[in-house]
$ cat work.txt   # compact mmCIF, C-alpha atoms and all ligand atoms
# COMPACT_ATOMS: atom_id res chain seq x y z
CA MET Y 1 -23.55 29.42 -42.18
CA ALA Y 2 -21.40 26.64 -40.73
CA LYS Y 3 -22.61 23.11 -41.31
CA LYS Y 4 -24.65 21.78 -38.39
CA THR Y 5 -23.76 18.46 -36.80
CA ALA Y 6 -26.46 16.03 -35.76
CA LEU Y 7 -25.93 12.87 -33.79
CA ILE Y 8 -28.52 10.16 -34.45
CA THR Y 9 -28.70 7.18 -32.11
CA GLY Y 10 -30.32 4.11 -33.65
CA ILE Y 11 -29.00 4.98 -37.12
CA SER Y 12 -29.55 1.38 -38.27
CA GLY Y 13 -33.29 1.53 -37.55
CA GLN Y 14 -36.20 2.66 -39.72
CA ASP Y 15 -36.39 6.24 -38.43
CA GLY Y 16 -32.61 6.59 -38.19
CA ALA Y 17 -32.29 5.89 -41.90
CA TYR Y 18 -35.06 8.29 -42.99
CA LEU Y 19 -33.92 11.03 -40.61
CA ALA Y 20 -30.33 10.76 -41.84
CA GLU Y 21 -31.57 11.04 -45.44
CA PHE Y 22 -33.65 14.09 -44.49
CA LEU Y 23 -30.84 15.87 -42.61
CA LEU Y 24 -28.27 15.12 -45.32
CA LYS Y 25 -30.52 17.00 -47.75
CA LYS Y 26 -30.36 19.90 -45.29
CA LYS Y 27 -26.54 19.68 -45.45
CA TYR Y 28 -26.03 18.42 -41.93
CA LYS Y 29 -22.96 16.46 -40.95
CA ILE Y 30 -24.32 13.20 -39.51
CA ILE Y 31 -22.80 11.09 -36.79
CA GLY Y 32 -24.70 7.85 -36.67
CA THR Y 33 -24.30 5.64 -33.65
CA ASP Y 34 -25.00 1.96 -33.43
CA ARG Y 35 -23.94 -0.95 -31.31
CA ARG Y 36 -21.32 -3.32 -32.59
CA SER Y 37 -23.94 -6.01 -33.25
CA ALA Y 38 -25.64 -3.60 -35.65
CA ARG Y 39 -22.63 -3.13 -37.91
CA GLY Y 40 -23.89 -5.66 -40.45
CA ASN Y 41 -27.37 -4.21 -40.17
CA ASN Y 42 -27.09 -1.43 -42.72
CA TRP Y 43 -29.54 -2.52 -45.41
CA ARG Y 44 -31.77 0.51 -44.85
CA LEU Y 45 -28.98 3.08 -45.29
CA ASN Y 46 -27.76 1.10 -48.25
CA ARG Y 47 -31.19 1.11 -49.86
CA LEU Y 48 -31.46 4.89 -49.42
CA GLY Y 49 -27.99 5.28 -50.97
CA ILE Y 50 -26.54 7.13 -47.95
CA LEU Y 51 -24.37 4.44 -46.36
CA ASN Y 52 -21.14 6.27 -47.11
CA LYS Y 53 -22.38 9.71 -46.14
CA ILE Y 54 -22.47 9.11 -42.40
CA LEU Y 55 -19.74 9.03 -39.75
CA TYR Y 56 -20.31 5.88 -37.71
CA GLU Y 57 -19.50 5.50 -34.05
CA GLU Y 58 -20.14 2.64 -31.70
CA MET Y 59 -22.34 3.67 -28.80
CA GLU Y 60 -24.18 1.25 -26.55
CA LEU Y 61 -26.87 3.14 -24.67
CA SER Y 62 -26.08 1.13 -21.54
CA GLU Y 63 -22.51 2.52 -21.42
CA LEU Y 64 -22.21 6.03 -20.01
CA TYR Y 65 -18.48 6.22 -20.85
CA GLU Y 66 -19.09 5.41 -24.50
CA ILE Y 67 -21.69 8.16 -24.68
CA GLU Y 68 -19.36 10.67 -23.01
CA ARG Y 69 -16.49 9.74 -25.33
CA ILE Y 70 -18.55 10.53 -28.44
CA PHE Y 71 -19.91 13.76 -26.99
CA ARG Y 72 -16.37 14.94 -26.21
CA LYS Y 73 -15.07 13.91 -29.63
CA TYR Y 74 -17.48 15.99 -31.75
CA LYS Y 75 -19.01 19.44 -31.58
CA ILE Y 76 -22.64 18.39 -31.69
CA ASP Y 77 -25.56 20.77 -32.34
CA GLU Y 78 -28.53 18.39 -32.25
CA VAL Y 79 -29.10 14.91 -30.85
CA TYR Y 80 -31.91 12.65 -32.02
CA ASN Y 81 -32.30 9.76 -29.61
CA LEU Y 82 -33.96 7.06 -31.70
CA ALA Y 83 -32.16 4.04 -30.27
CA ALA Y 84 -34.33 1.75 -28.19
CA GLN Y 85 -35.40 -1.79 -27.61
CA SER Y 86 -38.46 -0.79 -29.60
CA PHE Y 87 -40.47 -3.99 -29.94
CA VAL Y 88 -43.33 -4.09 -27.42
CA ALA Y 89 -43.64 -7.90 -27.46
CA THR Y 90 -39.93 -8.35 -26.62
CA SER Y 91 -40.25 -5.92 -23.73
CA PHE Y 92 -42.42 -8.45 -21.88
CA LYS Y 93 -39.65 -11.06 -22.29
CA SER Y 94 -36.77 -8.67 -21.54
CA PRO Y 95 -38.19 -6.02 -19.22
CA LEU Y 96 -34.88 -5.24 -17.52
CA ASN Y 97 -32.92 -4.77 -20.72
CA THR Y 98 -35.78 -2.70 -22.16
CA SER Y 99 -35.82 -0.42 -19.12
CA ASN Y 100 -32.06 -0.07 -19.22
CA ILE Y 101 -31.89 0.92 -22.91
CA THR Y 102 -35.26 2.48 -23.70
CA GLY Y 103 -35.63 4.19 -20.31
CA LEU Y 104 -32.27 4.77 -18.61
CA GLY Y 105 -30.51 5.26 -21.96
CA VAL Y 106 -32.34 8.60 -22.27
CA LEU Y 107 -31.09 9.71 -18.86
CA ARG Y 108 -27.50 8.76 -19.73
CA ILE Y 109 -27.58 11.03 -22.77
CA LEU Y 110 -29.22 13.89 -20.89
CA GLU Y 111 -26.68 13.63 -18.07
CA THR Y 112 -23.91 13.77 -20.67
CA ILE Y 113 -25.44 16.87 -22.28
CA LYS Y 114 -25.82 18.49 -18.85
CA ASN Y 115 -22.18 17.79 -17.97
CA ILE Y 116 -20.53 18.48 -21.32
CA ASN Y 117 -22.53 21.13 -23.21
CA LYS Y 118 -25.99 22.34 -22.22
CA LYS Y 119 -26.41 24.07 -25.60
CA ILE Y 120 -26.87 20.75 -27.42
CA LYS Y 121 -30.50 20.35 -28.49
CA PHE Y 122 -32.08 16.99 -27.67
CA TYR Y 123 -34.94 15.10 -29.32
CA GLN Y 124 -36.45 12.11 -27.54
CA ALA Y 125 -38.45 9.49 -29.45
CA SER Y 126 -41.50 9.22 -27.22
CA SER Y 127 -44.36 6.97 -28.22
CA SER Y 128 -48.14 6.75 -28.42
CA GLU Y 129 -47.76 3.46 -26.53
CA MET Y 130 -47.38 5.66 -23.43
CA PHE Y 131 -51.15 6.37 -23.63
CA GLY Y 132 -51.82 2.63 -23.26
CA LYS Y 133 -55.34 2.11 -21.99
CA ILE Y 134 -56.52 5.42 -23.33
CA ALA Y 135 -58.07 8.10 -21.15
CA GLU Y 136 -59.42 10.12 -24.10
CA LYS Y 137 -60.84 9.19 -27.51
CA LYS Y 138 -58.13 11.15 -29.31
CA GLN Y 139 -54.82 11.51 -27.54
CA ASN Y 140 -52.91 14.80 -27.45
CA GLU Y 141 -49.98 16.27 -25.51
CA LYS Y 142 -52.11 16.63 -22.37
CA THR Y 143 -53.71 13.17 -22.31
CA ILE Y 144 -52.91 11.10 -19.21
CA LEU Y 145 -50.26 8.44 -19.74
CA ASN Y 146 -51.35 4.91 -18.84
CA PRO Y 147 -48.66 2.52 -20.15
CA GLN Y 148 -49.36 -1.20 -20.56
CA SER Y 149 -45.96 -2.76 -21.26
CA PRO Y 150 -42.37 -2.58 -19.99
CA TYR Y 151 -41.59 -0.82 -23.28
CA ALA Y 152 -44.24 1.86 -22.72
CA ILE Y 153 -43.26 2.28 -19.06
CA SER Y 154 -39.65 2.84 -20.14
CA LYS Y 155 -40.79 5.41 -22.70
CA VAL Y 156 -42.79 7.21 -20.00
CA PHE Y 157 -39.60 7.42 -17.94
CA GLY Y 158 -37.70 8.82 -20.94
CA HIS Y 159 -40.52 11.28 -21.60
CA HIS Y 160 -40.61 12.60 -18.05
CA VAL Y 161 -36.86 12.77 -17.64
CA THR Y 162 -36.63 14.81 -20.87
CA ASP Y 163 -39.21 17.22 -19.49
CA ASN Y 164 -37.37 17.34 -16.17
CA TYR Y 165 -33.99 18.20 -17.73
CA ARG Y 166 -35.64 20.91 -19.80
CA LYS Y 167 -37.20 22.48 -16.72
CA SER Y 168 -34.33 21.89 -14.29
CA TYR Y 169 -31.31 22.75 -16.43
CA GLY Y 170 -32.70 24.83 -19.29
CA ILE Y 171 -31.64 22.26 -21.88
CA PHE Y 172 -33.53 22.47 -25.20
CA ALA Y 173 -34.93 18.95 -24.74
CA VAL Y 174 -38.19 17.86 -26.40
CA SER Y 175 -40.20 14.71 -26.89
CA GLY Y 176 -42.05 13.88 -30.08
CA ILE Y 177 -44.96 11.63 -29.17
CA LEU Y 178 -45.12 9.74 -32.41
CA PHE Y 179 -47.91 7.34 -33.27
CA ASN Y 180 -47.12 4.21 -35.31
CA HIS Y 181 -45.32 4.99 -38.52
CA GLU Y 182 -44.52 2.39 -41.11
CA SER Y 183 -42.64 2.07 -44.37
CA PRO Y 184 -40.81 -0.44 -46.55
CA LEU Y 185 -37.92 0.04 -44.08
CA ARG Y 186 -39.98 -1.13 -41.10
CA GLY Y 187 -38.52 -4.06 -39.12
CA GLU Y 188 -39.97 -7.43 -40.12
CA GLU Y 189 -41.25 -8.13 -36.58
CA PHE Y 190 -43.74 -5.23 -36.61
CA VAL Y 191 -47.20 -6.16 -37.77
CA THR Y 192 -47.54 -4.11 -40.98
CA ARG Y 193 -44.22 -5.29 -42.40
CA LYS Y 194 -44.87 -8.84 -41.17
CA ILE Y 195 -48.05 -8.74 -43.25
CA THR Y 196 -46.62 -7.14 -46.40
CA LEU Y 197 -43.61 -9.47 -46.36
CA GLY Y 198 -45.81 -12.44 -45.43
CA PHE Y 199 -48.11 -11.86 -48.41
CA CYS Y 200 -45.15 -11.43 -50.68
CA LYS Y 201 -43.92 -14.86 -49.53
CA ILE Y 202 -47.39 -16.36 -49.96
CA ILE Y 203 -47.73 -15.23 -53.57
CA ASN Y 204 -44.22 -16.56 -54.24
CA ASN Y 205 -45.17 -19.92 -52.66
CA ASP Y 206 -42.54 -19.48 -49.94
CA LEU Y 207 -45.11 -19.42 -47.14
CA SER Y 208 -48.48 -21.14 -46.93
CA CYS Y 209 -50.05 -19.33 -44.00
CA LEU Y 210 -49.32 -16.18 -41.99
CA GLU Y 211 -49.83 -16.44 -38.22
CA LEU Y 212 -50.92 -13.33 -36.32
CA GLY Y 213 -52.04 -12.34 -32.82
CA ASN Y 214 -54.79 -9.84 -32.04
CA ILE Y 215 -56.12 -8.68 -35.42
CA TYR Y 216 -58.72 -6.43 -33.76
CA ALA Y 217 -56.16 -4.04 -32.26
CA LYS Y 218 -56.42 -0.62 -33.91
CA ARG Y 219 -53.54 1.71 -34.67
CA ASP Y 220 -53.06 5.21 -36.07
CA TRP Y 221 -50.58 4.42 -38.85
CA GLY Y 222 -48.64 7.04 -40.81
CA PHE Y 223 -45.74 7.02 -43.26
CA ALA Y 224 -42.35 7.09 -41.49
CA LYS Y 225 -40.65 9.19 -44.15
CA GLU Y 226 -43.03 12.06 -43.36
CA TYR Y 227 -42.68 11.71 -39.60
CA VAL Y 228 -38.93 12.39 -39.40
CA SER Y 229 -39.40 15.94 -40.67
CA ALA Y 230 -41.48 16.65 -37.54
CA MET Y 231 -38.52 15.62 -35.35
CA TRP Y 232 -36.32 18.21 -37.03
CA LYS Y 233 -39.02 20.89 -36.94
CA MET Y 234 -39.38 20.44 -33.17
CA LEU Y 235 -35.71 21.26 -32.68
CA GLN Y 236 -35.96 24.42 -34.83
CA GLN Y 237 -38.70 26.02 -32.70
CA LYS Y 238 -38.03 29.02 -30.45
CA LYS Y 239 -39.50 27.24 -27.47
CA ALA Y 240 -38.79 23.64 -26.46
CA LYS Y 241 -42.12 21.81 -26.44
CA ASP Y 242 -43.52 18.29 -26.89
CA TYR Y 243 -45.75 17.47 -29.86
CA VAL Y 244 -48.04 14.60 -30.87
CA ILE Y 245 -47.47 13.38 -34.42
CA SER Y 246 -50.24 11.25 -35.90
CA THR Y 247 -52.76 10.93 -38.74
CA GLY Y 248 -55.88 11.15 -36.56
CA LYS Y 249 -57.32 7.97 -38.12
CA THR Y 250 -57.30 4.47 -36.70
CA TYR Y 251 -57.73 1.06 -38.34
CA SER Y 252 -57.58 -2.57 -37.25
CA ILE Y 253 -54.93 -5.09 -38.29
CA LYS Y 254 -57.74 -6.97 -40.06
CA TYR Y 255 -58.54 -3.86 -42.12
CA PHE Y 256 -54.85 -3.53 -43.02
CA ILE Y 257 -54.84 -7.16 -44.25
CA ASN Y 258 -57.92 -6.46 -46.37
CA LEU Y 259 -56.18 -3.49 -47.98
CA VAL Y 260 -53.20 -5.72 -48.77
CA THR Y 261 -55.27 -8.52 -50.34
CA ASN Y 262 -57.30 -5.97 -52.33
CA TYR Y 263 -54.15 -4.33 -53.65
CA LEU Y 264 -52.66 -7.69 -54.60
CA GLY Y 265 -55.95 -8.74 -56.22
CA ILE Y 266 -56.34 -11.86 -54.05
CA LYS Y 267 -60.01 -12.77 -53.56
CA THR Y 268 -60.48 -13.81 -49.94
CA LYS Y 269 -63.06 -14.48 -47.25
CA TRP Y 270 -62.84 -14.34 -43.46
CA VAL Y 271 -64.38 -17.39 -41.78
CA GLY Y 272 -64.76 -18.48 -38.14
CA LYS Y 273 -64.63 -16.49 -34.93
CA GLY Y 274 -62.19 -15.69 -32.12
CA ILE Y 275 -59.01 -17.74 -32.22
CA ASN Y 276 -60.55 -19.84 -35.01
CA GLU Y 277 -60.92 -16.89 -37.34
CA LYS Y 278 -59.11 -17.47 -40.64
CA LEU Y 279 -58.62 -15.85 -44.00
CA VAL Y 280 -59.25 -18.15 -46.96
CA ASN Y 281 -57.94 -17.65 -50.48
CA LEU Y 282 -61.08 -18.22 -52.56
CA LYS Y 283 -59.09 -19.26 -55.63
CA ASN Y 284 -57.50 -22.36 -54.09
CA LYS Y 285 -59.46 -22.60 -50.78
CA ARG Y 286 -56.22 -22.41 -48.79
CA VAL Y 287 -56.08 -20.75 -45.36
CA ILE Y 288 -53.60 -17.89 -45.71
CA VAL Y 289 -54.01 -16.15 -42.34
CA LYS Y 290 -54.73 -17.74 -38.99
CA ILE Y 291 -54.59 -16.70 -35.34
CA ASN Y 292 -51.83 -17.94 -33.07
CA PRO Y 293 -52.73 -17.15 -29.44
CA LYS Y 294 -49.03 -17.31 -28.55
CA LEU Y 295 -48.75 -13.97 -30.34
CA PHE Y 296 -51.24 -12.27 -28.01
CA ARG Y 297 -49.53 -9.87 -25.62
CA PRO Y 298 -49.83 -10.28 -21.83
CA SER Y 299 -51.39 -6.83 -21.81
CA GLU Y 300 -52.68 -5.25 -25.02
CA VAL Y 301 -53.24 -1.68 -26.17
CA ASN Y 302 -56.53 -2.04 -28.04
CA ILE Y 303 -56.81 1.31 -29.76
CA LEU Y 304 -54.79 4.47 -30.36
CA LYS Y 305 -55.80 7.58 -32.25
CA GLY Y 306 -53.81 10.78 -32.14
CA ASN Y 307 -54.69 14.45 -32.23
CA SER Y 308 -51.81 16.36 -33.79
CA SER Y 309 -53.55 19.76 -34.02
CA LEU Y 310 -50.71 21.46 -32.15
CA ALA Y 311 -48.09 20.15 -34.60
CA LYS Y 312 -50.25 21.22 -37.54
CA LYS Y 313 -50.59 24.71 -36.11
CA GLU Y 314 -47.12 25.37 -34.71
CA LEU Y 315 -44.88 23.14 -36.83
CA ASP Y 316 -46.89 23.31 -40.04
CA TRP Y 317 -46.57 19.52 -40.11
CA HIS Y 318 -49.26 17.54 -41.93
CA PRO Y 319 -49.60 13.83 -42.68
CA ARG Y 320 -49.98 13.31 -46.44
CA THR Y 321 -50.16 9.54 -46.88
CA ASP Y 322 -53.35 7.66 -46.08
CA LEU Y 323 -53.32 3.96 -45.20
CA LYS Y 324 -54.31 2.77 -48.67
CA LYS Y 325 -51.41 4.69 -50.20
CA LEU Y 326 -49.06 3.42 -47.48
CA VAL Y 327 -50.03 -0.17 -48.30
CA LYS Y 328 -49.26 0.49 -51.95
CA ILE Y 329 -45.85 1.98 -51.11
CA MET Y 330 -44.98 -0.96 -48.85
CA ILE Y 331 -46.19 -3.72 -51.19
CA ASP Y 332 -44.59 -2.20 -54.29
CA GLU Y 333 -41.20 -2.04 -52.60
CA GLU Y 334 -41.66 -5.49 -51.02
CA LEU Y 335 -42.26 -7.01 -54.45
CA LYS Y 336 -39.36 -5.10 -55.97
CA TYR Y 337 -36.78 -6.33 -53.46
CA TYR Y 338 -38.22 -9.74 -52.60
CA SER Y 339 -37.00 -11.74 -55.58
CA ASN Y 340 -33.51 -10.20 -55.31
CA ASN Y 341 -33.10 -11.20 -51.67
CA SER Y 342 -34.82 -14.60 -51.56
P1 LIG U 401 -36.08 0.41 -34.84
O1 LIG U 401 -36.37 -0.76 -33.96
O2 LIG U 401 -36.16 0.25 -36.31
O3 LIG U 401 -34.63 0.98 -34.48
C1 LIG U 401 -34.15 0.99 -33.17
C2 LIG U 401 -32.68 1.31 -33.18
O4 LIG U 401 -32.17 1.25 -31.85
C3 LIG U 401 -31.84 0.34 -34.00
O5 LIG U 401 -30.86 1.07 -34.69
C4 LIG U 401 -31.21 -0.53 -32.93
O6 LIG U 401 -30.02 -1.16 -33.33
C5 LIG U 401 -30.94 0.51 -31.85
N1 LIG U 401 -30.66 -0.11 -30.55
C6 LIG U 401 -31.35 -1.09 -29.94
N2 LIG U 401 -30.77 -1.40 -28.77
C7 LIG U 401 -29.69 -0.59 -28.65
C8 LIG U 401 -28.67 -0.44 -27.65
N3 LIG U 401 -28.64 -1.22 -26.58
N4 LIG U 401 -27.71 0.51 -27.81
C9 LIG U 401 -27.70 1.27 -28.92
N5 LIG U 401 -28.62 1.16 -29.91
C10 LIG U 401 -29.61 0.24 -29.76
O7 LIG U 401 -37.04 1.58 -34.36
P2 LIG U 401 -37.72 2.76 -35.21
O8 LIG U 401 -36.73 3.33 -36.12
O9 LIG U 401 -39.02 2.29 -35.72
O10 LIG U 401 -38.07 3.80 -34.05
C11 LIG U 401 -37.13 4.78 -33.64
C12 LIG U 401 -37.46 5.21 -32.22
O11 LIG U 401 -38.76 5.77 -32.19
C13 LIG U 401 -37.44 4.11 -31.19
O12 LIG U 401 -36.97 4.67 -29.98
C14 LIG U 401 -38.89 3.72 -31.04
O13 LIG U 401 -39.14 3.18 -29.77
C15 LIG U 401 -39.56 5.07 -31.22
N6 LIG U 401 -40.89 5.07 -31.78
C16 LIG U 401 -41.14 4.42 -32.95
C17 LIG U 401 -42.38 4.48 -33.52
C18 LIG U 401 -42.68 3.77 -34.79
O14 LIG U 401 -43.87 3.62 -35.11
N7 LIG U 401 -41.69 3.36 -35.57
C19 LIG U 401 -43.47 5.26 -32.89
C20 LIG U 401 -43.08 5.92 -31.67
C21 LIG U 401 -41.83 5.84 -31.15
P3 LIG U 401 -30.04 -2.66 -33.96
O15 LIG U 401 -30.09 -2.47 -35.42
O16 LIG U 401 -28.77 -3.24 -33.47
O17 LIG U 401 -31.23 -3.38 -33.39
P1 LIG U 402 -46.77 -1.57 -31.66
O1 LIG U 402 -46.48 -2.19 -33.11
O2 LIG U 402 -46.79 -2.58 -30.61
O3 LIG U 402 -47.96 -0.69 -31.83
O4 LIG U 402 -45.45 -0.69 -31.43
P2 LIG U 402 -46.65 -3.66 -33.68
O5 LIG U 402 -46.68 -3.51 -35.15
O6 LIG U 402 -45.67 -4.61 -33.10
O7 LIG U 402 -48.10 -4.09 -33.15
C1 LIG U 402 -49.27 -3.38 -33.50
C2 LIG U 402 -50.50 -4.17 -33.06
O8 LIG U 402 -50.61 -5.34 -33.86
C3 LIG U 402 -50.95 -6.44 -33.02
N1 LIG U 402 -50.53 -7.70 -33.64
C4 LIG U 402 -49.28 -8.06 -33.92
N2 LIG U 402 -48.12 -7.39 -33.77
C5 LIG U 402 -46.99 -8.00 -34.18
N3 LIG U 402 -45.83 -7.36 -34.07
N4 LIG U 402 -46.99 -9.27 -34.71
C6 LIG U 402 -48.14 -9.98 -34.87
O9 LIG U 402 -48.12 -11.11 -35.34
C7 LIG U 402 -49.34 -9.34 -34.47
N5 LIG U 402 -50.65 -9.71 -34.51
C8 LIG U 402 -51.35 -8.72 -34.00
C9 LIG U 402 -50.21 -6.13 -31.72
O10 LIG U 402 -50.76 -6.93 -30.67
C10 LIG U 402 -50.46 -4.64 -31.60
O11 LIG U 402 -51.70 -4.40 -31.01
C11 LIG U 402 -44.88 0.06 -32.48
C12 LIG U 402 -43.36 0.13 -32.24
O12 LIG U 402 -42.75 0.75 -33.33
C13 LIG U 402 -43.06 0.92 -30.99
O13 LIG U 402 -41.65 1.10 -30.87
C14 LIG U 402 -43.76 2.29 -31.09
O14 LIG U 402 -43.52 3.04 -29.94
C15 LIG U 402 -45.25 2.12 -31.31
O15 LIG U 402 -45.44 1.37 -32.50
C16 LIG U 402 -45.97 3.44 -31.47

$ encode --input "work.txt" --output "structure tokens" --more "lines below"
Ligand code: NDP
Ligand code: GDR
Amino acid sequence: MAKKTALITGISGQDGAYLAEFLLKKKYKIIGTDRRSARGNNWRLNRLGILNKILYEEMELSELYEIERIFRKYKIDEVYNLAAQSFVATSFKSPLNTSNITGLGVLRILETIKNINKKIKFYQASSSEMFGKIAEKKQNEKTILNPQSPYAISKVFGHHVTDNYRKSYGIFAVSGILFNHESPLRGEEFVTRKITLGFCKIINNDLSCLELGNIYAKRDWGFAKEYVSAMWKMLQQKKAKDYVISTGKTYSIKYFINLVTNYLGIKTKWVGKGINEKLVNLKNKRVIVKINPKLFRPSEVNILKGNSSLAKKELDWHPRTDLKKLVKIMIDEELKYYSNNS
């Protein structure tokens, strides 16, 4: 069979790197698009040893002509739209840019597919953030969307427009509603990586205290490397359909920190309450975590917990890495690379 060609937007991001690795193993030809500013940002692909196995193209999601140019240049079978302004906190500071990239960017790609080749299959990176203030204890494909940030609102737009192009034009367009997934390749601004990197700095005496926002928020965290296979599986189905991808378990940021300190063997104690709550290192009595109210979000999503029964049944997709194991994977790699890069 002829080699399939996949175009991955957001190739420089966490999921872009893991998905490229996954599809290369399946013998796909990969076109990875990034924006010019991302050209130096290839540490993830480098770490996975696949930097030279991808065809790179510049493609700003705000530029329809750039998108059209790439879609005319290659014969593309599958598109994975992973590019986004993906940081929720930034979306409150840059709501217009977030809407333009994370929301309208999806429409620009779908319009291009509609105009150039309706046979191209399309995967949209939808998000559990769309559930926002949750309407059900465990969220599935039918749960009402109630977004709480410009990021989540933009994702809701992308989600609905994907559904609309599927129904209106018969395009094989699907959304994976993925819950938080983490890894050693996670961006440093996201809370799990901020914590694993922060503790690595603390034990190397490069940081005295880690500042965090709402440590009582709860998330359903999985391992990113496992989640990208679900994206591919969705595009191999007979029928185009949306799926929730999650572990079905939820834990607080505070619990995540406790797993990290346990794994590192640091004896600690939480003291104080509210914004005065702190984590003390019992060995030297130093405060190693404190709350910075500036890191609270204008509107918070307190808890998310997914129900991925449909994906288990129809995609035979199963999460295999629990949070304790994920912490181990993240810390081990953090420690391995930290001394080389610092
Ligand atoms: P990252 O933030 O790691 O990667 C985002 C990618 O988008 C980067 O390659 C980034 O490039 C690119 N990008 C940003 N702005 C633009 C733009 N204007 N034009 C073109 N490319 C741009 O995200 P993840 O890999 O973690 O997530 C992948 C997708 O999945 C995102 O859409 C995210 O919103 C969504 N998602 C993620 C979840 C998670 O837990 N990780 C859960 C649910 C959904 P640059 O390197 O230049 O910043
Ligand atoms: P999230 O991930 O907003 O869920 O979006 P993030 O790791 O940024 O936040 C998770 C929770 O932790 C709380 N928090 C902090 N977060 C950050 N980043 N930094 C802090 O210091 C901090 N302190 C507490 C947050 O308030 C929040 O409740 C991620 C992104 O990958 C999205 O693109 C994706 O769609 C969703 O996951 C699913």

$ residues_near_ligand --input "work.txt" --ligand "ligand LIG 402 (chain U)" --cutoff "7 Å" --atoms "all atoms listed in the file" --output "VMD selection string"
chain Y and resid 86 to 89 127 to 129 178 to 180 189 to 192 194 211 to 215 217 to 219 253 295 to 297 300 to 302

$ residues_near_ligand --input "work.txt" --ligand "ligand LIG 401 (chain U)" --cutoff "6 Å" --atoms "only C-alpha atoms and all ligand atoms" --output "PyMOL selection string"
chain Y and resi 10-16+34-35+37-38+41+59-61+82-86+101+125-127+178-181+187

$ residues_around --input "work.txt" --residues "Tyr28 (chain Y)" --least-positions-apart "3" --cutoff "12 Å" --atoms "all atoms listed in the file" --output "CSV table (one decimal) with C-alpha atoms, in the frame of the given file"
chain,number,residue,atom,x,y,z
Y,1,MET,CA,-23.6,29.4,-42.2
Y,2,ALA,CA,-21.4,26.6,-40.7
Y,3,LYS,CA,-22.6,23.1,-41.3
Y,4,LYS,CA,-24.6,21.8,-38.4
Y,5,THR,CA,-23.8,18.5,-36.8
Y,6,ALA,CA,-26.5,16.0,-35.8
Y,7,LEU,CA,-25.9,12.9,-33.8
Y,8,ILE,CA,-28.5,10.2,-34.4
Y,19,LEU,CA,-33.9,11.0,-40.6
Y,20,ALA,CA,-30.3,10.8,-41.8
Y,21,GLU,CA,-31.6,11.0,-45.4
Y,22,PHE,CA,-33.6,14.1,-44.5
Y,23,LEU,CA,-30.8,15.9,-42.6
Y,24,LEU,CA,-28.3,15.1,-45.3
Y,25,LYS,CA,-30.5,17.0,-47.8
Y,31,ILE,CA,-22.8,11.1,-36.8
Y,32,GLY,CA,-24.7,7.8,-36.7
Y,53,LYS,CA,-22.4,9.7,-46.1
Y,54,ILE,CA,-22.5,9.1,-42.4
Y,55,LEU,CA,-19.7,9.0,-39.8
Y,76,ILE,CA,-22.6,18.4,-31.7
Y,77,ASP,CA,-25.6,20.8,-32.3
Y,78,GLU,CA,-28.5,18.4,-32.2
Y,232,TRP,CA,-36.3,18.2,-37.0

$ closest_residue --input "work.txt" --among "Y:Gly49, Y:Pro298, Y:Gly222, Y:Pro293" --to "Ile275 (chain Y)" --atoms "all atoms listed in the file"
Y:Pro293

$ residues_around --input "work.txt" --residues "region 105-117 of chain Y" --least-positions-apart "4" --cutoff "7 Å" --atoms "only C-alpha atoms" --output "NGL selection string"
:Y and (61-62 or 64 or 67-68 or 100-101 or 158 or 161)

$ residues_near_point --input "work.txt" --point "(-61.3, -16.6, -50.0)" --cutoff "9 Å" --atoms "all atoms listed in the file" --output "ChimeraX atom specification"
/Y:266-271,279-288

$ atom_distance --input "work.txt" --atom1 "CA of Ile120 (chain Y)" --atom2 "CA of Leu235 (chain Y)"
10.3 Å

$ residues_near_point --input "work.txt" --point "(-58.8, 5.8, -48.4)" --cutoff "12 Å" --atoms "only C-alpha atoms" --output "PyMOL selection string"
chain Y and resi 249-251+255-256+259+320-328

$ atom_distance --input "work.txt" --atom1 "CA of Leu145 (chain Y)" --atom2 "CA of Lys233 (chain Y)"
24.0 Å

$ decode --input "work.txt" --residues "region 271-275 of chain Y" --atoms "N, CA, C and O atoms" --output "PDB file, in the first residue's frame"
ATOM      1  N   VAL Y 271       1.453  23.541  55.995  1.00  0.00           N
ATOM      2  CA  VAL Y 271       1.031  24.363  57.134  1.00  0.00           C
ATOM      3  C   VAL Y 271       0.204  25.542  56.616  1.00  0.00           C
ATOM      4  O   VAL Y 271       0.337  25.947  55.466  1.00  0.00           O
ATOM      5  N   GLY Y 272      -0.630  26.117  57.484  1.00  0.00           N
ATOM      6  CA  GLY Y 272      -1.413  27.304  57.110  1.00  0.00           C
ATOM      7  C   GLY Y 272      -2.628  26.958  56.267  1.00  0.00           C
ATOM      8  O   GLY Y 272      -2.837  25.802  55.881  1.00  0.00           O
ATOM      9  N   LYS Y 273      -3.396  28.020  55.996  1.00  0.00           N
ATOM     10  CA  LYS Y 273      -4.656  27.814  55.249  1.00  0.00           C
ATOM     11  C   LYS Y 273      -4.831  28.891  54.183  1.00  0.00           C
ATOM     12  O   LYS Y 273      -4.239  29.970  54.290  1.00  0.00           O
ATOM     13  N   GLY Y 274      -5.643  28.592  53.177  1.00  0.00           N
ATOM     14  CA  GLY Y 274      -5.965  29.586  52.137  1.00  0.00           C
ATOM     15  C   GLY Y 274      -4.703  30.066  51.443  1.00  0.00           C
ATOM     16  O   GLY Y 274      -3.815  29.279  51.121  1.00  0.00           O
ATOM     17  N   ILE Y 275      -4.611  31.398  51.253  1.00  0.00           N
ATOM     18  CA  ILE Y 275      -3.433  31.899  50.514  1.00  0.00           C
ATOM     19  C   ILE Y 275      -2.163  31.826  51.365  1.00  0.00           C
ATOM     20  O   ILE Y 275      -1.061  32.049  50.871  1.00  0.00           O
TER      21      ILE Y 275
END
